[in-house]
file data.txt (compact mmCIF, C-alpha atoms and all ligand atoms)
# COMPACT_ATOMS: atom_id res chain seq x y z
CA MET A 4 42.19 19.77 -22.72
CA LYS A 5 45.36 20.43 -24.65
CA ILE A 6 48.22 22.26 -22.94
CA THR A 7 48.15 24.94 -25.61
CA GLU A 8 44.42 25.53 -24.92
CA LEU A 9 45.09 25.66 -21.17
CA ILE A 10 47.86 28.19 -21.72
CA GLU A 11 45.65 30.33 -23.94
CA SER A 12 42.72 30.26 -21.53
CA GLY A 13 44.88 30.86 -18.44
CA GLY A 14 45.20 34.16 -16.59
CA SER A 15 48.25 36.18 -15.64
CA LEU A 16 49.84 33.33 -13.66
CA GLN A 17 49.64 29.60 -14.36
CA ILE A 18 51.91 27.21 -12.52
CA SER A 19 52.41 23.61 -13.58
CA TYR A 20 54.50 20.90 -11.93
CA GLU A 21 56.64 17.92 -12.81
CA ILE A 22 56.78 14.81 -10.66
CA ILE A 23 58.63 11.53 -10.96
CA PRO A 24 57.19 8.03 -10.50
CA PRO A 25 58.37 6.08 -7.45
CA LYS A 26 61.12 3.48 -7.82
CA ARG A 27 59.92 0.04 -8.93
CA GLY A 28 57.78 -1.43 -6.16
CA GLY A 29 57.10 1.98 -4.55
CA SER A 30 53.58 3.04 -3.56
CA ILE A 31 51.44 5.25 -5.79
CA GLN A 32 49.95 6.72 -2.60
CA ASP A 33 53.05 8.89 -2.06
CA ILE A 34 52.57 10.42 -5.50
CA LEU A 35 48.85 10.91 -4.99
CA ASP A 36 49.55 12.61 -1.65
CA MET A 37 51.93 14.95 -3.44
CA VAL A 38 49.32 15.79 -6.06
CA GLU A 39 46.77 16.29 -3.26
CA GLY A 40 49.17 18.86 -1.80
CA LEU A 41 49.16 20.74 -5.11
CA VAL A 42 45.41 20.81 -5.61
CA GLU A 43 44.95 24.06 -3.65
CA PHE A 44 47.16 25.80 -6.24
CA GLU A 45 44.87 24.68 -9.09
CA PRO A 46 47.60 23.38 -11.40
CA PRO A 47 46.56 23.54 -15.05
CA TYR A 48 48.56 20.37 -15.66
CA ILE A 49 51.12 18.04 -14.11
CA ASP A 50 53.95 16.36 -16.00
CA VAL A 51 55.00 12.84 -15.04
CA THR A 52 58.52 11.88 -16.07
CA SER A 53 59.52 8.64 -17.74
CA HIS A 54 62.69 6.67 -17.29
CA SER A 55 64.58 4.95 -20.01
CA ALA A 56 64.41 1.22 -20.32
CA GLN A 57 67.55 -0.76 -20.84
CA VAL A 58 66.97 -3.63 -23.19
CA TYR A 59 69.55 -6.35 -23.49
CA TYR A 60 69.73 -9.93 -24.66
CA GLU A 61 71.22 -12.80 -22.72
CA GLU A 62 72.54 -15.77 -24.65
CA LEU A 63 71.26 -19.01 -23.16
CA PRO A 64 73.24 -22.30 -23.11
CA ASP A 65 71.05 -23.73 -25.89
CA GLY A 66 72.08 -20.87 -28.22
CA THR A 67 68.75 -19.03 -28.01
CA TRP A 68 68.41 -15.48 -26.64
CA ARG A 69 66.39 -14.12 -23.74
CA ARG A 70 65.25 -10.48 -23.90
CA HIS A 71 65.47 -8.43 -20.71
CA VAL A 72 63.86 -5.03 -20.20
CA LYS A 73 64.80 -3.10 -17.06
CA ARG A 74 63.10 0.08 -15.92
CA LYS A 75 63.88 1.61 -12.55
CA ARG A 76 60.78 3.81 -12.36
CA PRO A 77 57.88 2.36 -14.32
CA GLY A 78 54.31 3.60 -13.97
CA THR A 79 54.17 6.90 -15.87
CA LEU A 80 50.95 6.06 -17.70
CA GLY A 81 49.22 4.62 -14.61
CA ILE A 82 50.08 7.69 -12.55
CA CYS A 83 48.77 9.94 -15.33
CA ALA A 84 45.50 8.03 -15.49
CA ALA A 85 45.16 8.28 -11.68
CA ILE A 86 45.85 12.04 -11.71
CA LYS A 87 43.21 12.58 -14.37
CA SER A 88 40.52 10.39 -12.83
CA ARG A 89 41.01 11.37 -9.16
CA PHE A 90 41.87 15.04 -9.45
CA SER A 91 40.57 16.02 -12.90
CA ILE A 92 43.96 17.64 -13.52
CA GLU A 93 45.43 17.30 -17.00
CA PRO A 94 48.47 15.00 -16.85
CA VAL A 95 51.35 15.14 -19.32
CA PRO A 96 53.17 11.82 -19.64
CA HIS A 97 56.75 11.96 -20.85
CA LEU A 98 57.61 9.56 -23.64
CA LEU A 99 61.20 8.69 -24.50
CA CYS A 100 63.12 7.48 -27.51
CA LYS A 101 65.89 5.78 -25.52
CA GLY A 102 65.22 2.16 -24.73
CA PHE A 103 61.94 1.95 -26.61
CA SER A 104 61.33 0.60 -30.08
CA ARG A 105 59.08 2.61 -32.39
CA GLU A 106 56.48 -0.14 -32.04
CA GLU A 107 56.54 0.23 -28.24
CA SER A 108 56.16 3.99 -28.62
CA GLU A 109 53.21 3.49 -30.94
CA ASP A 110 51.58 1.12 -28.43
CA ALA A 111 52.14 3.63 -25.60
CA LEU A 112 50.54 6.37 -27.72
CA ILE A 113 47.56 4.14 -28.45
CA GLU A 114 47.19 3.53 -24.68
CA LEU A 115 47.26 7.30 -24.09
CA ASN A 116 44.69 7.86 -26.77
CA TYR A 117 42.33 5.25 -25.32
CA LEU A 118 42.80 6.73 -21.84
CA GLY A 119 41.68 10.09 -23.24
CA LEU A 120 45.06 11.72 -22.58
CA GLN A 121 45.71 14.32 -25.25
CA ASN A 122 49.07 15.67 -24.15
CA VAL A 123 52.50 14.15 -24.37
CA MET A 124 56.05 15.38 -23.89
CA ALA A 125 58.40 13.89 -26.52
CA LEU A 126 61.99 13.46 -25.34
CA ARG A 127 65.08 11.61 -26.36
CA GLY A 128 66.01 10.56 -22.81
CA ASP A 129 69.46 9.72 -21.58
CA ASP A 130 71.20 6.40 -21.01
CA SER A 131 70.60 5.42 -17.42
CA GLY A 132 73.91 3.64 -17.67
CA TYR A 133 73.47 0.66 -15.40
CA ARG A 134 73.59 -1.79 -18.33
CA LYS A 135 74.99 -1.36 -21.77
CA PRO A 136 71.96 -1.58 -24.04
CA LEU A 137 72.00 -4.17 -26.77
CA VAL A 138 68.82 -2.94 -28.36
CA ASP A 139 68.83 -2.78 -32.10
CA ASP A 140 69.25 0.96 -32.64
CA ARG A 141 67.46 0.79 -35.99
CA THR A 142 64.16 0.07 -34.24
CA MET A 143 64.39 3.12 -31.93
CA ASN A 144 63.70 6.78 -32.52
CA GLU A 145 67.14 8.36 -32.32
CA TYR A 146 66.32 11.99 -31.53
CA ALA A 147 63.25 13.61 -30.02
CA ILE A 148 62.39 14.96 -33.47
CA ASP A 149 61.90 11.39 -34.70
CA LEU A 150 59.39 10.76 -31.91
CA VAL A 151 57.66 14.08 -32.66
CA ARG A 152 57.38 12.98 -36.31
CA GLN A 153 55.92 9.64 -35.22
CA ILE A 154 53.29 11.40 -33.10
CA SER A 155 52.52 13.89 -35.88
CA ASP A 156 52.06 10.95 -38.24
CA MET A 157 49.55 9.39 -35.82
CA ASN A 158 47.75 12.73 -35.67
CA GLU A 159 47.39 12.34 -39.45
CA GLY A 160 46.22 8.73 -39.11
CA ARG A 161 49.56 7.29 -40.27
CA TYR A 162 50.81 4.37 -38.18
CA LEU A 163 54.02 2.39 -38.57
CA GLU A 164 52.24 -0.15 -40.72
CA GLU A 165 49.69 0.78 -43.31
CA LEU A 166 46.36 -0.01 -41.65
CA MET A 167 42.92 -0.50 -43.17
CA GLU A 168 41.31 1.42 -40.31
CA ALA A 169 43.59 4.10 -38.93
CA ALA A 170 41.96 6.56 -36.55
CA GLN A 171 43.63 9.94 -36.30
CA ALA A 172 45.04 10.80 -32.90
CA ASP A 173 44.92 14.38 -31.66
CA PHE A 174 47.98 14.82 -29.46
CA CYS A 175 49.37 18.11 -28.26
CA VAL A 176 53.14 17.63 -28.16
CA GLY A 177 55.65 19.30 -25.87
CA VAL A 178 59.42 19.22 -26.34
CA ALA A 179 62.46 20.22 -24.28
CA GLY A 180 64.51 23.40 -24.74
CA TYR A 181 67.78 24.38 -23.08
CA PRO A 182 68.47 28.04 -22.18
CA GLU A 183 72.12 27.10 -21.50
CA LYS A 184 72.13 24.76 -24.56
CA HIS A 185 71.97 20.98 -24.45
CA PHE A 186 75.29 19.56 -23.32
CA GLU A 187 75.95 17.73 -26.59
CA ALA A 188 75.29 20.73 -28.81
CA PRO A 189 78.41 22.57 -30.02
CA ASN A 190 76.74 25.94 -29.48
CA ILE A 191 73.39 27.50 -28.59
CA SER A 192 72.56 28.56 -32.16
CA TRP A 193 72.91 24.99 -33.40
CA ASP A 194 70.81 23.70 -30.50
CA ILE A 195 68.07 26.26 -31.17
CA LEU A 196 67.98 25.28 -34.84
CA ASN A 197 67.41 21.68 -33.76
CA LEU A 198 64.66 22.96 -31.47
CA LYS A 199 63.10 24.77 -34.41
CA ARG A 200 63.17 21.52 -36.38
CA LYS A 201 61.25 19.82 -33.55
CA VAL A 202 58.63 22.56 -33.70
CA ASP A 203 58.46 22.39 -37.49
CA ALA A 204 57.97 18.61 -37.16
CA GLY A 205 54.84 19.21 -35.08
CA ALA A 206 55.72 20.18 -31.49
CA HIS A 207 53.16 22.59 -30.01
CA TYR A 208 55.04 24.00 -27.04
CA ILE A 209 58.43 23.96 -25.31
CA THR A 210 59.32 23.47 -21.66
CA THR A 211 62.83 24.41 -20.68
CA GLN A 212 65.53 22.83 -18.60
CA MET A 213 65.99 24.44 -15.20
CA PHE A 214 68.08 27.61 -14.97
CA PHE A 215 68.98 29.89 -12.07
CA GLU A 216 69.29 33.28 -13.75
CA TYR A 217 66.09 34.62 -15.28
CA GLU A 218 68.08 36.55 -17.92
CA GLN A 219 69.15 33.23 -19.46
CA PHE A 220 65.53 32.34 -20.10
CA LEU A 221 64.62 35.72 -21.55
CA GLU A 222 67.64 35.64 -23.89
CA PHE A 223 66.78 32.11 -24.92
CA VAL A 224 63.20 33.10 -25.79
CA GLU A 225 64.49 36.05 -27.78
CA ARG A 226 66.83 33.82 -29.78
CA CYS A 227 64.03 31.32 -30.39
CA ARG A 228 61.71 34.07 -31.66
CA GLU A 229 64.50 35.37 -33.92
CA VAL A 230 64.70 32.02 -35.75
CA GLY A 231 60.92 31.85 -36.11
CA ILE A 232 59.86 29.65 -33.18
CA THR A 233 56.43 30.99 -32.28
CA VAL A 234 55.03 28.32 -29.92
CA PRO A 235 54.74 28.93 -26.14
CA ILE A 236 58.01 28.51 -24.21
CA ILE A 237 57.56 27.65 -20.54
CA PRO A 238 60.40 28.19 -18.06
CA GLY A 239 61.41 25.16 -15.93
CA MET A 240 62.06 26.22 -12.32
CA LYS A 241 63.95 24.34 -9.63
CA ILE A 242 64.36 25.22 -5.96
CA ILE A 243 67.69 24.50 -4.31
CA THR A 244 66.94 22.70 -1.07
CA ASN A 245 70.30 21.35 0.09
CA LYS A 246 74.02 22.02 -0.28
CA ARG A 247 74.55 18.89 -2.38
CA HIS A 248 72.53 20.56 -5.16
CA LEU A 249 75.50 22.85 -5.83
CA GLN A 250 77.34 19.86 -7.27
CA SER A 251 74.58 17.45 -8.26
CA LEU A 252 72.46 19.82 -10.40
CA PRO A 253 75.35 21.08 -12.59
CA SER A 254 76.76 17.59 -13.06
CA ARG A 255 73.43 15.88 -13.75
CA PHE A 256 71.72 18.59 -15.80
CA GLN A 257 74.70 20.59 -17.12
CA VAL A 258 73.33 23.83 -15.71
CA HIS A 259 75.23 26.70 -14.17
CA ILE A 260 74.65 27.87 -10.60
CA PRO A 261 75.54 31.55 -10.28
CA GLU A 262 78.27 32.45 -7.81
CA ALA A 263 75.97 34.67 -5.73
CA LEU A 264 73.50 31.83 -5.17
CA ALA A 265 76.28 29.31 -4.48
CA ALA A 266 77.85 31.68 -1.95
CA GLU A 267 74.52 32.21 -0.15
CA VAL A 268 73.92 28.47 -0.01
CA GLU A 269 77.46 27.76 1.23
CA ALA A 270 77.15 30.39 3.94
CA ALA A 271 73.76 29.18 5.18
CA LYS A 272 73.34 26.75 8.06
CA PRO A 273 72.07 23.42 6.65
CA GLU A 274 68.58 24.02 8.11
CA HIS A 275 68.41 27.42 6.36
CA VAL A 276 69.48 26.33 2.86
CA THR A 277 65.89 25.88 1.72
CA ASP A 278 65.11 29.46 2.80
CA VAL A 279 67.90 30.64 0.49
CA GLY A 280 66.62 28.42 -2.35
CA VAL A 281 63.03 29.57 -1.86
CA GLU A 282 63.97 33.27 -1.81
CA TRP A 283 66.14 32.87 -4.91
CA ALA A 284 63.34 31.08 -6.77
CA ILE A 285 60.82 33.77 -5.80
CA ARG A 286 63.15 36.51 -7.07
CA GLN A 287 63.67 34.67 -10.38
CA CYS A 288 59.95 34.06 -10.84
CA ASP A 289 59.08 37.61 -9.90
CA GLU A 290 61.51 38.91 -12.56
CA LEU A 291 60.02 36.56 -15.14
CA LEU A 292 56.47 37.64 -14.30
CA GLY A 293 57.60 41.26 -14.53
CA ALA A 294 58.95 40.51 -18.02
CA GLY A 295 55.53 39.26 -19.10
CA VAL A 296 55.94 35.52 -18.52
CA SER A 297 52.66 34.01 -17.30
CA ASN A 298 53.47 30.28 -17.16
CA LEU A 299 55.95 28.67 -14.78
CA HIS A 300 56.80 24.98 -14.50
CA PHE A 301 58.28 23.62 -11.25
CA TYR A 302 60.40 20.49 -11.03
CA ILE A 303 59.47 18.65 -7.84
CA LEU A 304 61.22 15.61 -6.42
CA GLN A 305 59.99 14.18 -3.14
CA THR A 306 57.98 16.92 -1.50
CA VAL A 307 55.71 19.83 -2.31
CA GLU A 308 56.66 21.71 0.87
CA HIS A 309 59.22 24.08 -0.69
CA VAL A 310 57.34 24.71 -3.91
CA SER A 311 54.22 25.50 -1.87
CA LYS A 312 56.09 28.30 -0.09
CA VAL A 313 57.17 29.79 -3.41
CA VAL A 314 53.76 29.47 -5.04
CA ARG A 315 51.91 31.03 -2.07
CA ARG A 316 54.19 34.06 -2.23
CA LEU A 317 53.93 34.35 -6.01
CA ARG A 318 50.15 34.27 -5.87
CA LYS A 319 50.23 37.16 -3.41
CA LEU A 320 52.63 39.07 -5.67
CA ALA A 321 50.63 38.42 -8.85
P1 LIG B 401 66.89 16.03 -28.63
O1 LIG B 401 65.95 17.11 -28.98
O2 LIG B 401 66.88 14.82 -29.49
O3 LIG B 401 68.35 16.67 -28.59
C1 LIG B 401 69.43 15.97 -28.05
C2 LIG B 401 70.72 16.54 -28.62
O4 LIG B 401 70.85 16.15 -29.97
C3 LIG B 401 70.79 18.07 -28.62
O5 LIG B 401 72.13 18.43 -28.39
C4 LIG B 401 70.36 18.44 -30.01
O6 LIG B 401 70.88 19.70 -30.40
C5 LIG B 401 70.95 17.29 -30.80
N1 LIG B 401 70.26 16.95 -32.04
C6 LIG B 401 68.93 17.01 -32.28
N2 LIG B 401 68.67 16.55 -33.51
C7 LIG B 401 69.84 16.18 -34.05
C8 LIG B 401 70.24 15.59 -35.30
N3 LIG B 401 69.35 15.31 -36.25
N4 LIG B 401 71.57 15.32 -35.49
C9 LIG B 401 72.49 15.59 -34.55
N5 LIG B 401 72.16 16.14 -33.35
C10 LIG B 401 70.87 16.41 -33.10
N6 LIG B 401 64.84 12.66 -19.48
C11 LIG B 401 64.28 11.49 -19.15
O7 LIG B 401 64.95 10.45 -19.21
N7 LIG B 401 62.97 11.42 -18.72
C12 LIG B 401 62.18 12.51 -18.64
O8 LIG B 401 61.01 12.40 -18.27
C13 LIG B 401 62.74 13.77 -18.98
N8 LIG B 401 62.02 14.90 -18.93
C14 LIG B 401 62.58 16.10 -19.31
C15 LIG B 401 61.78 17.25 -19.31
C16 LIG B 401 62.32 18.48 -19.69
C17 LIG B 401 61.45 19.71 -19.67
C18 LIG B 401 63.68 18.56 -20.08
C19 LIG B 401 64.29 19.88 -20.46
C20 LIG B 401 64.48 17.42 -20.11
C21 LIG B 401 63.93 16.17 -19.74
N9 LIG B 401 64.68 15.00 -19.78
C22 LIG B 401 64.11 13.80 -19.41
C23 LIG B 401 66.09 15.02 -20.18
C24 LIG B 401 66.30 14.78 -21.69
O9 LIG B 401 65.84 13.50 -22.04
C25 LIG B 401 67.79 14.90 -21.96
O10 LIG B 401 68.21 16.23 -21.77
C26 LIG B 401 68.27 14.37 -23.31
O11 LIG B 401 69.71 14.34 -23.29
C27 LIG B 401 67.87 15.20 -24.51
O12 LIG B 401 66.55 15.10 -24.75
P2 LIG B 401 65.84 16.00 -25.89
O13 LIG B 401 64.45 15.52 -25.99
O14 LIG B 401 66.08 17.43 -25.62
O15 LIG B 401 66.70 15.51 -27.14

call {"tool": "encode", "arguments": {"input": "data.txt", "output": "structure tokens"}}
result
Amino acid sequence: MKITELIESGGSLQISYEIIPPKRGGSIQDILDMVEGLVEFEPPYIDVTSHSAQVYYEELPDGTWRRHVKRKRPGTLGICAAIKSRFSIEPVPHLLCKGFSREESEDALIELNYLGLQNVMALRGDDSGYRKPLVDDRTMNEYAIDLVRQISDMNEGRYLEELMEAAQADFCVGVAGYPEKHFEAPNISWDILNLKRKVDAGAHYITTQMFFEYEQFLEFVERCREVGITVPIIPGMKIITNKRHLQSLPSRFQVHIPEALAAEVEAAKPEHVTDVGVEWAIRQCDELLGAGVSNLHFYILQTVEHVSKVVRRLRKLA
């Protein structure tokens, strides 16, 4: 089922999750155990992140070139297929521009289509930074909108090359939105106009970056509606579980942690920090639900323990 159909058919509270593949060589069992832990909450769908490949060429002594492709966390498609077949939960693979040629993106989309996966999140991705890429930029999608266009083209039966037999795909496409604006954007209005362009290019729904003050999300949605974005906008939620998050989340995701939350986390004993994070998340979600939001999306890293606490409470409140 498409995410937009799931959203439409859902009730007053639908909670989806986002997980990351293990590092290269890691076991899929850990991921499947995590999904198993979410089954009781009947997730409408689960996103699986993707990690940018670094492509570089090494010059060999004989003057020829060897191509290297490095990915720290491969396996997005395999995990999605496993989630669908074992749990009958709709997976949403993330697909990136960075580090992938358009041909590789097309091949990945064909794989998804053959696997019967109808949903995909189209993202630009960031440089993972451990090698300077030497990929020919002209063969890559530069911005997420370019990838959205490529997927929309496939939905119309247009592939990169003109083909004699070109089956139409039928992807439902999600894109990222940023309540605090994307860090490269000069201002929020400019960023929202770029978001509108992604929607106009064929994106069907938006999932946001994490935020810690529910008002930021509500204002963001209002601004999006003002410029004519009508697709569903799903808030991305993150639970603070350790003191390091006070530095790591703002520096990695360019998000702001409110002083009140930071102070509570600082004052808590290390073993009580998750209680603070869980209570804060519940308050934020409760406010969002009170404002009429019915879909929440939780970013999960290694464990479902903390999110389970939040979701159990929210289900009682709903
Ligand atoms: P874009 O929409 O391309 O925007 C990037 C920036 O470029 C913005 O500032 C935008 O305003 C600007 N821009 C857009 N179009 C133009 C244009 N034509 N000219 C000039 N500027 C333009 N990263 C991963 O590596 N893997 C993941 O799985 C992943 N999942 C994510 C899921 C969600 C819900 C979110 C919110 C983010 C995720 N990210 C992921 C992070 C994301 O890849 C980064 O934030 C990245 O820097 C931007 O991606 P984007 O798709 O929003 O890019």

call {"tool": "closest_residue", "arguments": {"input": "data.txt", "among": "A:Ser108, A:Thr79, A:Ser53, A:Thr244", "to": "Glu282 (chain A)", "atoms": "only C-alpha atoms"}}
result
A:Thr244

call {"tool": "atom_distance", "arguments": {"input": "data.txt", "atom1": "CA of Ile10 (chain A)", "atom2": "CA of Asn144 (chain A)"}}
result
28.7 Å

call {"tool": "residues_around", "arguments": {"input": "data.txt", "residues": "Pro235 (chain A)", "least_positions_apart": "5", "cutoff": "12 Å", "atoms": "all atoms listed in the file", "output": "number ranges by chain"}}
result
A: 6-11, 176-180, 202, 206-211, 224, 227-228, 296-299

call {"tool": "write_last_selection", "arguments": {"input": "data.txt", "atoms": "C-alpha atoms", "output": "PDB file, in the coordinates of the input"}}
result
ATOM      1  CA  ILE A   6      48.220  22.260 -22.940  1.00  0.00           C
ATOM      2  CA  THR A   7      48.150  24.940 -25.610  1.00  0.00           C
ATOM      3  CA  GLU A   8      44.420  25.530 -24.920  1.00  0.00           C
ATOM      4  CA  LEU A   9      45.090  25.660 -21.170  1.00  0.00           C
ATOM      5  CA  ILE A  10      47.860  28.190 -21.720  1.00  0.00           C
ATOM      6  CA  GLU A  11      45.650  30.330 -23.940  1.00  0.00           C
ATOM      7  CA  VAL A 176      53.140  17.630 -28.160  1.00  0.00           C
ATOM      8  CA  GLY A 177      55.650  19.300 -25.870  1.00  0.00           C
ATOM      9  CA  VAL A 178      59.420  19.220 -26.340  1.00  0.00           C
ATOM     10  CA  ALA A 179      62.460  20.220 -24.280  1.00  0.00           C
ATOM     11  CA  GLY A 180      64.510  23.400 -24.740  1.00  0.00           C
ATOM     12  CA  VAL A 202      58.630  22.560 -33.700  1.00  0.00           C
ATOM     13  CA  ALA A 206      55.720  20.180 -31.490  1.00  0.00           C
ATOM     14  CA  HIS A 207      53.160  22.590 -30.010  1.00  0.00           C
ATOM     15  CA  TYR A 208      55.040  24.000 -27.040  1.00  0.00           C
ATOM     16  CA  ILE A 209      58.430  23.960 -25.310  1.00  0.00           C
ATOM     17  CA  THR A 210      59.320  23.470 -21.660  1.00  0.00           C
ATOM     18  CA  THR A 211      62.830  24.410 -20.680  1.00  0.00           C
ATOM     19  CA  VAL A 224      63.200  33.100 -25.790  1.00  0.00           C
ATOM     20  CA  CYS A 227      64.030  31.320 -30.390  1.00  0.00           C
ATOM     21  CA  ARG A 228      61.710  34.070 -31.660  1.00  0.00           C
ATOM     22  CA  VAL A 296      55.940  35.520 -18.520  1.00  0.00           C
ATOM     23  CA  SER A 297      52.660  34.010 -17.300  1.00  0.00           C
ATOM     24  CA  ASN A 298      53.470  30.280 -17.160  1.00  0.00           C
ATOM     25  CA  LEU A 299      55.950  28.670 -14.780  1.00  0.00           C
TER      26      LEU A 299
END

call {"tool": "closest_residue", "arguments": {"input": "data.txt", "among": "A:Glu267, A:Ala169, A:Leu150, A:Val276", "to": "Glu107 (chain A)", "atoms": "all atoms listed in the file"}}
result
A:Leu150

call {"tool": "closest_residue", "arguments": {"input": "data.txt", "among": "A:Ala294, A:Val268, A:Ile236, A:Ala147", "to": "ligand LIG 401 (chain B)", "atoms": "all atoms listed in the file"}}
result
A:Ala147

call {"tool": "residues_near_ligand", "arguments": {"input": "data.txt", "ligand": "ligand LIG 401 (chain B)", "cutoff": "9 Å", "atoms": "all atoms listed in the file", "output": "number ranges by chain"}}
result
A: 21, 23, 50-55, 96-101, 124-131, 145-150, 177-181, 184-191, 193-198, 200-201, 209-213, 237-239, 256, 300, 302

call {"tool": "residues_near_point", "arguments": {"input": "data.txt", "point": "(52.5, 35.9, -8.4)", "cutoff": "7 Å", "atoms": "all atoms listed in the file", "output": "MDAnalysis selection string"}}
result
chainID A and resid 16 289 316:321

call {"tool": "atom_distance", "arguments": {"input": "data.txt", "atom1": "CA of Glu106 (chain A)", "atom2": "CA of Val72 (chain A)"}}
result
14.8 Å

call {"tool": "closest_residue", "arguments": {"input": "data.txt", "among": "A:Leu35, A:Met157, A:Leu304, A:Val230", "to": "Gln171 (chain A)", "atoms": "all atoms listed in the file"}}
result
A:Met157

call {"tool": "closest_residue", "arguments": {"input": "data.txt", "among": "A:Gly160, A:Gly102, A:Gly205, A:Pro182", "to": "Met143 (chain A)", "atoms": "only C-alpha atoms"}}
result
A:Gly102

call {"tool": "atom_distance", "arguments": {"input": "data.txt", "atom1": "CA of Ile260 (chain A)", "atom2": "CA of Phe214 (chain A)"}}
result
7.9 Å

call {"tool": "decode", "arguments": {"input": "data.txt", "residues": "region 113-169 of chain A", "atoms": "C-alpha atoms", "output": "PDB file, in the first residue's frame"}}
result
ATOM      1  CA  ILE A 113      13.702  -1.165 -10.819  1.00  0.00           C
ATOM      2  CA  GLU A 114      14.734  -3.493  -7.954  1.00  0.00           C
ATOM      3  CA  LEU A 115      12.137  -1.852  -5.703  1.00  0.00           C
ATOM      4  CA  ASN A 116       9.487  -2.197  -8.347  1.00  0.00           C
ATOM      5  CA  TYR A 117      10.218  -5.901  -8.860  1.00  0.00           C
ATOM      6  CA  LEU A 118      10.187  -6.441  -5.087  1.00  0.00           C
ATOM      7  CA  GLY A 119       6.690  -4.944  -5.015  1.00  0.00           C
ATOM      8  CA  LEU A 120       7.800  -1.967  -2.900  1.00  0.00           C
ATOM      9  CA  GLN A 121       5.722   1.051  -3.837  1.00  0.00           C
ATOM     10  CA  ASN A 122       7.115   3.668  -1.488  1.00  0.00           C
ATOM     11  CA  VAL A 123      10.382   5.515  -1.560  1.00  0.00           C
ATOM     12  CA  MET A 124      11.857   8.502   0.251  1.00  0.00           C
ATOM     13  CA  ALA A 125      13.877  10.704  -2.135  1.00  0.00           C
ATOM     14  CA  LEU A 126      16.759  12.567  -0.479  1.00  0.00           C
ATOM     15  CA  ARG A 127      19.873  14.380  -1.465  1.00  0.00           C
ATOM     16  CA  GLY A 128      22.013  12.878   1.308  1.00  0.00           C
ATOM     17  CA  ASP A 129      25.119  14.407   2.790  1.00  0.00           C
ATOM     18  CA  ASP A 130      28.796  13.763   2.166  1.00  0.00           C
ATOM     19  CA  SER A 131      29.918  11.157   4.644  1.00  0.00           C
ATOM     20  CA  GLY A 132      33.301  12.806   4.397  1.00  0.00           C
ATOM     21  CA  TYR A 133      35.703   9.945   4.867  1.00  0.00           C
ATOM     22  CA  ARG A 134      36.944  10.186   1.264  1.00  0.00           C
ATOM     23  CA  LYS A 135      36.780  13.031  -1.155  1.00  0.00           C
ATOM     24  CA  PRO A 136      34.501  11.766  -3.921  1.00  0.00           C
ATOM     25  CA  LEU A 137      35.839  11.790  -7.435  1.00  0.00           C
ATOM     26  CA  VAL A 138      32.546  10.815  -8.980  1.00  0.00           C
ATOM     27  CA  ASP A 139      31.622  12.656 -12.107  1.00  0.00           C
ATOM     28  CA  ASP A 140      29.014  15.075 -10.759  1.00  0.00           C
ATOM     29  CA  ARG A 141      27.263  15.249 -14.119  1.00  0.00           C
ATOM     30  CA  THR A 142      26.059  11.655 -13.733  1.00  0.00           C
ATOM     31  CA  MET A 143      24.465  12.266 -10.302  1.00  0.00           C
ATOM     32  CA  ASN A 144      21.202  13.848  -9.295  1.00  0.00           C
ATOM     33  CA  GLU A 145      22.283  17.056  -7.579  1.00  0.00           C
ATOM     34  CA  TYR A 146      19.259  17.890  -5.432  1.00  0.00           C
ATOM     35  CA  ALA A 147      16.433  15.752  -4.116  1.00  0.00           C
ATOM     36  CA  ILE A 148      14.135  17.401  -6.653  1.00  0.00           C
ATOM     37  CA  ASP A 149      16.184  15.843  -9.462  1.00  0.00           C
ATOM     38  CA  LEU A 150      15.640  12.397  -7.957  1.00  0.00           C
ATOM     39  CA  VAL A 151      11.924  13.131  -7.484  1.00  0.00           C
ATOM     40  CA  ARG A 152      11.762  14.081 -11.181  1.00  0.00           C
ATOM     41  CA  GLN A 153      13.529  10.851 -12.127  1.00  0.00           C
ATOM     42  CA  ILE A 154      11.005   8.811 -10.120  1.00  0.00           C
ATOM     43  CA  SER A 155       8.069  10.782 -11.539  1.00  0.00           C
ATOM     44  CA  ASP A 156       9.432  10.091 -15.020  1.00  0.00           C
ATOM     45  CA  MET A 157       9.497   6.351 -14.256  1.00  0.00           C
ATOM     46  CA  ASN A 158       5.922   6.625 -13.013  1.00  0.00           C
ATOM     47  CA  GLU A 159       5.149   7.928 -16.515  1.00  0.00           C
ATOM     48  CA  GLY A 160       7.137   5.127 -18.162  1.00  0.00           C
ATOM     49  CA  ARG A 161      10.084   7.394 -19.028  1.00  0.00           C
ATOM     50  CA  TYR A 162      13.486   5.875 -18.285  1.00  0.00           C
ATOM     51  CA  LEU A 163      16.911   7.422 -18.773  1.00  0.00           C
ATOM     52  CA  GLU A 164      17.174   5.863 -22.194  1.00  0.00           C
ATOM     53  CA  GLU A 165      14.290   5.678 -24.583  1.00  0.00           C
ATOM     54  CA  LEU A 166      13.103   2.070 -24.317  1.00  0.00           C
ATOM     55  CA  MET A 167      10.926   0.021 -26.658  1.00  0.00           C
ATOM     56  CA  GLU A 168       9.107  -1.540 -23.699  1.00  0.00           C
ATOM     57  CA  ALA A 169       8.896   0.820 -20.753  1.00  0.00           C
TER      58      ALA A 169
END
